[in-house]
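Engineer: Once you've had a glance at the structure underneath, I'll fire off some questions.
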4 protein chains.
Amino acid sequence: MSCNTFGRLFRFTTWGESHGPAIGAVVDGVPPGLALSEADIQPFLDRRRPGRSRHTTQRREADRVTILSGTYDGVTTGTPISLLIENTDQRSKDYEAIAEKYRPGHADYSYEAKYGLRDPRGGGRASARETAMRVAAGAIARIVLGRAVRIRGAVVAIGGDAVDRDAWDWDEVARNPLFSPDAAAAARWEAALDAARKSGNSLGAVVEVVAEGVPAGWGAPVYGKLDADLAAAMMSINAAKGVEIGAGFAAARLTGSDNADEMLMGDDGSPRFLSNHAGGILGGISSGQPIVVRTAFKPTSSIRIPRRTITRDGEETEIVTRGRHDPCVGIRGVPVAEAMMAVVLADHFLLHRAQCADVTPPFVVP
Amino acid sequence: MSCNTFGRLFRFTTWGESHGPAIGAVVDGVPPGLALSEADIQPFLDRRRPGRSRHTTQRREADRVTILSGTYDGVTTGTPISLLIENTDQRSKDYEAIAEKYRPGHADYSYEAKYGLRDPRGGGRASARETAMRVAAGAIARIVLGRAVRIRGAVVAIGGDAVDRDAWDWDEVARNPLFSPDAAAAARWEAALDAARKSGNSLGAVVEVVAEGVPAGWGAPVYGKLDADLAAAMMSINAAKGVEIGAGFAAARLTGSDNADEMLMGDDGSPRFLSNHAGGILGGISSGQPIVVRTAFKPTSSIRIPRRTITRDGEETEIVTRGRHDPCVGIRGVPVAEAMMAVVLADHFLLHRAQCADVTPPFVVP
Amino acid sequence: MSCNTFGRLFRFTTWGESHGPAIGAVVDGVPPGLALSEADIQPFLDRRRPGRSRHTTQRREADRVTILSGTYDGVTTGTPISLLIENTDQRSKDYEAIAEKYRPGHADYSYEAKYGLRDPRGGGRASARETAMRVAAGAIARIVLGRAVRIRGAVVAIGGDAVDRDAWDWDEVARNPLFSPDAAAAARWEAALDAARKSGNSLGAVVEVVAEGVPAGWGAPVYGKLDADLAAAMMSINAAKGVEIGAGFAAARLTGSDNADEMLMGDDGSPRFLSNHAGGILGGISSGQPIVVRTAFKPTSSIRIPRRTITRDGEETEIVTRGRHDPCVGIRGVPVAEAMMAVVLADHFLLHRAQCADVTPPFVVP
Amino acid sequence: MSCNTFGRLFRFTTWGESHGPAIGAVVDGVPPGLALSEADIQPFLDRRRPGRSRHTTQRREADRVTILSGTYDGVTTGTPISLLIENTDQRSKDYEAIAEKYRPGHADYSYEAKYGLRDPRGGGRASARETAMRVAAGAIARIVLGRAVRIRGAVVAIGGDAVDRDAWDWDEVARNPLFSPDAAAAARWEAALDAARKSGNSLGAVVEVVAEGVPAGWGAPVYGKLDADLAAAMMSINAAKGVEIGAGFAAARLTGSDNADEMLMGDDGSPRFLSNHAGGILGGISSGQPIVVRTAFKPTSSIRIPRRTITRDGEETEIVTRGRHDPCVGIRGVPVAEAMMAVVLADHFLLHRAQCADVTPPFVVP
């Protein structure tokens, strides 16, 4: 019920504002006996960290995570794990200019309509800074899932310019600052981002996350469907406006015979699918195929191009958002979306074990 | 936590299989003192009812709903409302042929992988028959919301053929059997559906639901976002593969300056937006603009065109699904998606009242 | 969040009023593959059924339960199990006299203060009739727990007259209509109840439930403690006013050295405790000893002795409650309290399996 | 579902071990616009603070609370409030002697049976140190409730020696170190505690908490009953073994005519009750009378009198617990039990407002 909590059994609660003293998370439900230290979390935070290239916000945060509870002698104890990151590079002054105005497309107005007030410094609770704690929780979720499950993400389009899927190279993702699996697309995007930044504008992006090694049987009908939980997880990320599973919206353009993922028997005694339009989920339950989720991120609403808006006092005016902002929030959405995939899967791993630990599936479950 | 329960405060639990004696729902959290009888629910069920045209399954179900609890003298008492619909037109025999085979794209295999067994009659719990109870719960949610909130849905594309938005006419939706707001599109779709049915194939569709009259301020950061809950709600509907809010995936192709919904002051003392790319939701909280959600439905996986598959015993074989199936499940998805919009909004109306009943927003909240 | 739902993973929702057409429950989270039919539930309902002796209400209800979903071929499928009992012996006329008055000690007044209205027929939702569905859910919980866990209850005091614990005989419980483990106490209680009934009065009772065979390790710190959940479970039963675990209130009178349950090694390689003041729960987690819970039931507030009260219109008056009522609700509290023990344990069995399935405890866990 | 989270709408999650770097809580669901600073919380923590008299543990903790999020300009923003207290006086060395042994009556053994390991330093997560965060959350709950609701607690018995209720003086509670409302009892208890401490033993206690000013109508049938939630809240406190509402276990010894709280009309247009055996709760819903809850605390299990026990390796041995422990944990249970009353009431205040904000009750609700 807590609206700042995600998950059922693997469950985390985040807190903190962009310009408060710190941000944090409490991760509950983690099985005991797992090796865990800050070093297991930090690399994921580093991938999301601002200021890594000219294409993301120039705010400089070390994003050093500290574990305050839930481990003993380097091992999880089964009790809640408290994580904390201090905020070190706030420049609240930057926000004075906009404290009295509503940025179009931003949560400024809706927060005030709800709460009657807002913390204007850096977007307060609405800041994408919150996503650092998702990444931290996701790192723990990966440990819960173990090595058999592999979760990877990439940017697949920026500003409507998509990658060439035939050129997909997972190793390339780490080689360019835009998480592109296609070096040529990365080059084009860098140019487009430079142009956008120069003109004070921003671009949208689409992020794809793939989870391999998920066995068949995770997920649950009918309101605990794996895809429903993934949709909520991804849509809860700042700036997300769309989510699709497998073929997604394209599936609505296919015929049933084309969309069907035909099945054969694999050599390993488990089913083998001839395609994966379903994105690894059938009836809300994993099929053993890779789970594929794409999320659409709108362009950042904090731009330097003047836009018409109103003030808190109801005056019509123009707004220009200076400060330090990502020209394309979707880029740093990759580690965040990966993390949300991880937490959903960890949750369903535990849920499945609770209800179905005794089940013998009909086949070798992949 | 119950995976067959949806919502936080306005909360319903559904039960029942396609070919069991009945299906039902328990709706909890409804405010007391609201006039409610079966007559308030039945019209919504009738819109979803199978067999209304040649374009939906020919199963004949009266879908008569009975209220078994939670009202007294025609008024809600604040206690749980139990709803029941008897199944009357099961033809379980139809399913004998497929009980031992997995339909590609269907939940047959994933259910067995999870539970070790399944009820093969009509898809059991995975049947779209469950959605009747969503529609019933949605009818109650509408009463909770009151008349100020208006929720309408339409099919906006079938098989990749989209409506002409300039020809949009809400009144047309009720005049054709395909819930199309564009009469010309409806005519084209009927032809396409006839062709698909004749060839034993099926088509996908996209459904759009719009909620008007939702005041600014509903929804909650960061994991109780209105759009995150809507995404889960829509993605939990059978055959849904994608969800988008407002401009959705198209927003990822816009620049920040184009995507910004600029604001002026309206004559009524509340903000006026010059566009609605946001689909009425900013930072997870309603902005007072219409809330716009689109859901992509894949084509039905139960088709008469033979597909390769395997049997429960691991034999490779072919499958042809006879029985009575919707050639395009998206059509009947309209009343279901409307219902899911209604239940999400009713839930957030109550959540908002709980936390923020005392708040004075900065403007007249639209 | 639903206030008519109990449990986290083994989870049930009840609905229905005393004089509505039916009462029911939806039990969710049950593992698949368990043999289940009405015959597994009915015997427990029969133990709770009204009218079995002159010491309980004379309302005649067959309390025939029907399973409407969640099983196939006599086996659970993992989907929600819907249970329904028709009400057959309502005499709503009995309540006309009291519809306008508040029975002291009854929920009449508090329901109206909350909801502005109430269903006066038989107490509506506040009726102990609801507990039939707890018993049904409890029967399913026992199947989830399996035979290793044995749950038994008894009345240990009526009207302040307690059993002789040295004379405790579990077999005696089934031989007298008052669920007494002490035949002599049963005889005394029958006389006391006859006198109370004759004078139009009622008596309170204390019920003890013992669960044997629960392994060490179930339960969870700090708000999911096994004893906290049991306390909520028991206190939610109609007329319950107190709950204690193990030595309970008496522990507050002991010294630490007397209260300590000293430990030795048992022959079976698991710890052996020399006493059980803790009632089988340490730090909210089961210790492997029998779990012992006692619940105090107040005397029925529906009595024939006139009491001063007020009317809905604010007039002072007297009230005499005729109709059919249990002179001692605690008696039929035995099967209900057993059921609540069962549902709490089934829930914690699944919770423990989710988080700790991989744990190797230091000893053979009893 | 998170077992370290309490509440539905007013909801807090605690984390931290006795000898970790810090303990903390995240409080979610707090209405916006309430004045809140550390100074509103600290006085309640000071009442619970160890080392205030010779009758509590001599561990010296400043227990300085810091608010890390959820406020802006001294006012709540509606976002989660993160609270942190640093641990400063750990003496983990004290625990080396017992790390390999199980203290009888303590959670040592059950934690290891559950998790396969434990943090032995100061009891780890099982330490009563966690209750500091309950007190902090309770302080915020009091602000949510406002001044109309007054919550006070007292020790009513230590070691079986009860207060004289005719001598009850709420002002006395603050004057003696034992939270006794009866000065004479306080004097007797001090002597008894000195004797217990000298002999290395410990004593149990009973704590009573009373909430005045709660309007009729809070609480909800049937599993969200106010008394059921209070029972869980109190039983979740370390060392609690029993909970009762109003007359509690004594009600089981009364007749229905004696137990009935007769009603008249009060001068203020609201009902007036002639007694309060119900403890202010009828059918799980508040009646407008004071809410009265008593909790039994067992004597501390960490004592210096040798007790037989076993080691982690299964060897039989003796144990003597040195270190710094409360000889009577019930004493410091007073601010904790008050806090749990406050959080339950704040939660039900919000729940009631969500569902029933529009209700007009039949009378002036007290």
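As shown in the structure tokens, the chain order sets the letters A, B, ...; within each chain, residues go from 1, and ligands are also counted from 1 in the order they appear.
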Each residue of stretch 200-309 of chain A lying at most 12 Å from stretch 330-354 of chain B should get a row with its shortest atom-to-atom pair and the distance in Å to one decimal, counting only C-alpha atoms; could you produce that, ordered by chain and increasing number, as CSV?
Structural biologist:
```
residue,atom,partner,partner_atom,distance
A:Tyr223,CA,B:Met340,CA,11.3
A:Ala251,CA,B:Gly330,CA,11.6
A:Ala252,CA,B:Gly330,CA,8.8
A:Arg253,CA,B:Gly330,CA,11.7
```
Engineer: The selected residues should be written to file as a PDB file, in the first residue's frame (atoms: N, CA, C and O atoms).
Structural biologist:
```
ATOM      1  N   TYR A 223      -3.825 -10.896 -11.657  1.00  0.00           N
ATOM      2  CA  TYR A 223      -3.384  -9.514 -11.427  1.00  0.00           C
ATOM      3  C   TYR A 223      -1.947  -9.485 -10.931  1.00  0.00           C
ATOM      4  O   TYR A 223      -1.420  -8.427 -10.602  1.00  0.00           O
ATOM      5  N   ALA A 251       2.619  -6.515 -32.417  1.00  0.00           N
ATOM      6  CA  ALA A 251       1.791  -7.720 -32.384  1.00  0.00           C
ATOM      7  C   ALA A 251       0.366  -7.406 -32.803  1.00  0.00           C
ATOM      8  O   ALA A 251      -0.341  -8.249 -33.371  1.00  0.00           O
ATOM      9  N   ALA A 252      -0.064  -6.176 -32.526  1.00  0.00           N
ATOM     10  CA  ALA A 252      -1.423  -5.785 -32.888  1.00  0.00           C
ATOM     11  C   ALA A 252      -1.581  -5.648 -34.394  1.00  0.00           C
ATOM     12  O   ALA A 252      -2.700  -5.524 -34.898  1.00  0.00           O
ATOM     13  N   ARG A 253      -0.455  -5.682 -35.113  1.00  0.00           N
ATOM     14  CA  ARG A 253      -0.518  -5.579 -36.576  1.00  0.00           C
ATOM     15  C   ARG A 253      -0.319  -6.936 -37.252  1.00  0.00           C
ATOM     16  O   ARG A 253      -0.409  -7.045 -38.471  1.00  0.00           O
TER      17      ARG A 253
END
```
Engineer: So that I can check the surroundings of stretch 126-137 of chain D, please list as a PyMOL selection string every protein, DNA and RNA residue that reaches within 9 Å of it, counting only C-alpha atoms and ignoring chain neighbours fewer than 6 positions away.
Structural biologist: (chain C and resi 221-222+283) or (chain D and resi 11-18+23-27+41-42+44-45+48-49+63+65+83-85+106-108+111+237-239+329+333+335-340+342-343)
Engineer: Ranking D:Trp170, D:Tyr102, D:Gly224, D:Phe363 by minimum distance to chain B and counting only C-alpha atoms, which one comes first?
Structural biologist: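 Ranked by minimum distance to chain B, first place goes to D:Gly224.
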Engineer: Work out how far apart atom CA of A:Pro21 and atom CA of A:Arg121 are and give it in Å to one decimal.
Structural biologist: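 Distance between the two atoms: 12.0 Å.
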Engineer: Would you mind listing what lies within 8 Å of A:Ala216 as JSON, numbers by chain, with only C-alpha atoms counted and same-chain residues fewer than 5 positions away left out?
Structural biologist: {"A": [285, 286, 287, 288, 289, 365, 366], "B": [110, 113, 114]}
Engineer: Would you mind exporting N, CA and C atoms of the selected residues as a short mmCIF file (atom, residue, chain, number, x, y, z; two decimals), in the first residue's frame?
Structural biologist:
```cif
data_model
loop_
_atom_site.label_atom_id
_atom_site.label_comp_id
_atom_site.auth_asym_id
_atom_site.auth_seq_id
_atom_site.Cartn_x
_atom_site.Cartn_y
_atom_site.Cartn_z
N ILE A 285 2.79 -15.69 -17.33
CA ILE A 285 3.76 -16.63 -16.74
C ILE A 285 4.90 -16.84 -17.72
N SER A 286 6.12 -16.90 -17.20
CA SER A 286 7.28 -17.04 -18.08
C SER A 286 7.24 -18.38 -18.81
N SER A 287 7.74 -18.36 -20.04
CA SER A 287 7.70 -19.56 -20.88
C SER A 287 9.07 -20.24 -20.98
N GLY A 288 10.08 -19.62 -20.38
CA GLY A 288 11.43 -20.15 -20.52
C GLY A 288 12.22 -19.45 -21.61
N GLN A 289 11.53 -18.70 -22.46
CA GLN A 289 12.23 -17.89 -23.48
C GLN A 289 12.75 -16.61 -22.85
N VAL A 365 12.28 -27.85 -17.18
CA VAL A 365 12.00 -26.43 -17.34
C VAL A 365 13.31 -25.72 -17.70
N PRO A 366 13.29 -25.01 -18.78
CA PRO A 366 14.53 -24.39 -19.24
C PRO A 366 15.01 -23.35 -18.24
N SER B 110 2.70 -22.54 -20.22
CA SER B 110 3.26 -21.84 -19.06
C SER B 110 2.51 -22.22 -17.78
N ALA B 113 3.88 -25.49 -16.72
CA ALA B 113 5.24 -25.34 -16.20
C ALA B 113 5.20 -24.81 -14.76
N LYS B 114 4.22 -23.96 -14.49
CA LYS B 114 4.11 -23.38 -13.15
C LYS B 114 3.48 -24.36 -12.17
#
```
Engineer: Given the choices A:Pro104, A:Pro215, A:Gly138, A:Gly153, which gets closest to chain B if the distance is worked out from only C-alpha atoms?
Structural biologist: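 Going through A:Pro104, A:Pro215, A:Gly138, A:Gly153 one by one, the smallest distance to chain B is for A:Pro104.
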Engineer: Using only C-alpha atoms, what does the table of chain C residues within 7 Å of chain B look like, with each row giving the shortest atom pair and its distance in Å to one decimal, sorted by chain and ascending number, as a tab-separated table?
Structural biologist:
```
residue	atom	partner	partner_atom	distance
C:Met1	CA	B:Arg8	CA	5.9
C:Ser2	CA	B:Asp28	CA	6.3
C:Arg8	CA	B:Met1	CA	5.9
C:Leu9	CA	B:Met1	CA	6.5
C:Arg11	CA	B:Ser2	CA	6.5
C:Trp15	CA	B:Pro80	CA	5.6
C:Gly16	CA	B:Ser69	CA	5.0
C:Glu17	CA	B:Ser69	CA	6.4
C:Gly20	CA	B:Ser69	CA	6.4
C:Pro21	CA	B:Leu68	CA	6.1
C:Ala22	CA	B:Leu68	CA	6.4
C:Asp28	CA	B:Ser2	CA	6.3
C:Gly29	CA	B:Ser2	CA	6.8
C:Pro32	CA	B:Tyr115	CA	5.7
C:Leu68	CA	B:Pro21	CA	6.1
C:Ser69	CA	B:Gly16	CA	4.9
C:Gly70	CA	B:Gly16	CA	7.0
C:Tyr72	CA	B:Asp119	CA	6.0
C:Thr77	CA	B:Arg118	CA	6.4
C:Gly78	CA	B:Tyr115	CA	6.6
C:Pro80	CA	B:Trp15	CA	5.6
C:Ser82	CA	B:Trp15	CA	6.5
C:Tyr115	CA	B:Pro32	CA	5.8
C:Leu117	CA	B:Thr77	CA	6.9
C:Arg118	CA	B:Thr77	CA	6.4
C:Asp119	CA	B:Tyr72	CA	6.0
```
Engineer: In Å to one decimal, how far is atom CA of D:Leu193 from atom CA of D:Gly105?
Structural biologist: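 Separation between atom CA of D:Gly105 and atom CA of D:Leu193: 19.8 Å.
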Engineer: Give me, as a ChimeraX atom specification, the residues of stretch 70-280 of chain C that a backbone DSSP run labels helix (DSSP H, G or I).
Structural biologist: /C:92-98,108-115,121-126,128-145,165-167,170-173,183-198,226-235,248-253,256-259
Engineer: Just the residues within 8 Å of B:Arg60, please, counting only C-alpha atoms, with nothing from its chain fewer than 5 positions along; format it as a ChimeraX atom specification.
Structural biologist: /B:50-51,88-89
Engineer: Those residues with all heavy atoms, as a PDB file, in the first residue's frame please?
Structural biologist:
```
ATOM      1  N   PRO B  50     -20.297 -12.107 -24.993  1.00  0.00           N
ATOM      2  CA  PRO B  50     -19.950 -12.789 -26.248  1.00  0.00           C
ATOM      3  C   PRO B  50     -21.179 -12.938 -27.134  1.00  0.00           C
ATOM      4  O   PRO B  50     -22.316 -12.851 -26.670  1.00  0.00           O
ATOM      5  CB  PRO B  50     -19.449 -14.152 -25.774  1.00  0.00           C
ATOM      6  CG  PRO B  50     -20.084 -14.372 -24.438  1.00  0.00           C
ATOM      7  CD  PRO B  50     -20.219 -13.004 -23.830  1.00  0.00           C
ATOM      8  N   GLY B  51     -20.936 -13.132 -28.402  1.00  0.00           N
ATOM      9  CA  GLY B  51     -22.016 -13.494 -29.312  1.00  0.00           C
ATOM     10  C   GLY B  51     -22.877 -12.333 -29.761  1.00  0.00           C
ATOM     11  O   GLY B  51     -23.965 -12.534 -30.310  1.00  0.00           O
ATOM     12  N   THR B  88     -23.206 -20.849 -18.373  1.00  0.00           N
ATOM     13  CA  THR B  88     -24.335 -21.652 -18.849  1.00  0.00           C
ATOM     14  C   THR B  88     -24.063 -22.343 -20.175  1.00  0.00           C
ATOM     15  O   THR B  88     -24.740 -23.280 -20.536  1.00  0.00           O
ATOM     16  CB  THR B  88     -25.574 -20.748 -19.035  1.00  0.00           C
ATOM     17  OG1 THR B  88     -25.238 -19.687 -19.937  1.00  0.00           O
ATOM     18  CG2 THR B  88     -26.011 -20.144 -17.710  1.00  0.00           C
ATOM     19  N   ASP B  89     -23.062 -21.874 -20.914  1.00  0.00           N
ATOM     20  CA  ASP B  89     -22.881 -22.417 -22.271  1.00  0.00           C
ATOM     21  C   ASP B  89     -21.475 -23.003 -22.448  1.00  0.00           C
ATOM     22  O   ASP B  89     -20.772 -22.711 -23.405  1.00  0.00           O
ATOM     23  CB  ASP B  89     -23.164 -21.316 -23.312  1.00  0.00           C
ATOM     24  CG  ASP B  89     -23.135 -21.875 -24.738  1.00  0.00           C
ATOM     25  OD1 ASP B  89     -23.420 -23.064 -24.917  1.00  0.00           O
ATOM     26  OD2 ASP B  89     -22.799 -21.105 -25.658  1.00  0.00           O
TER      27      ASP B  89
END
```
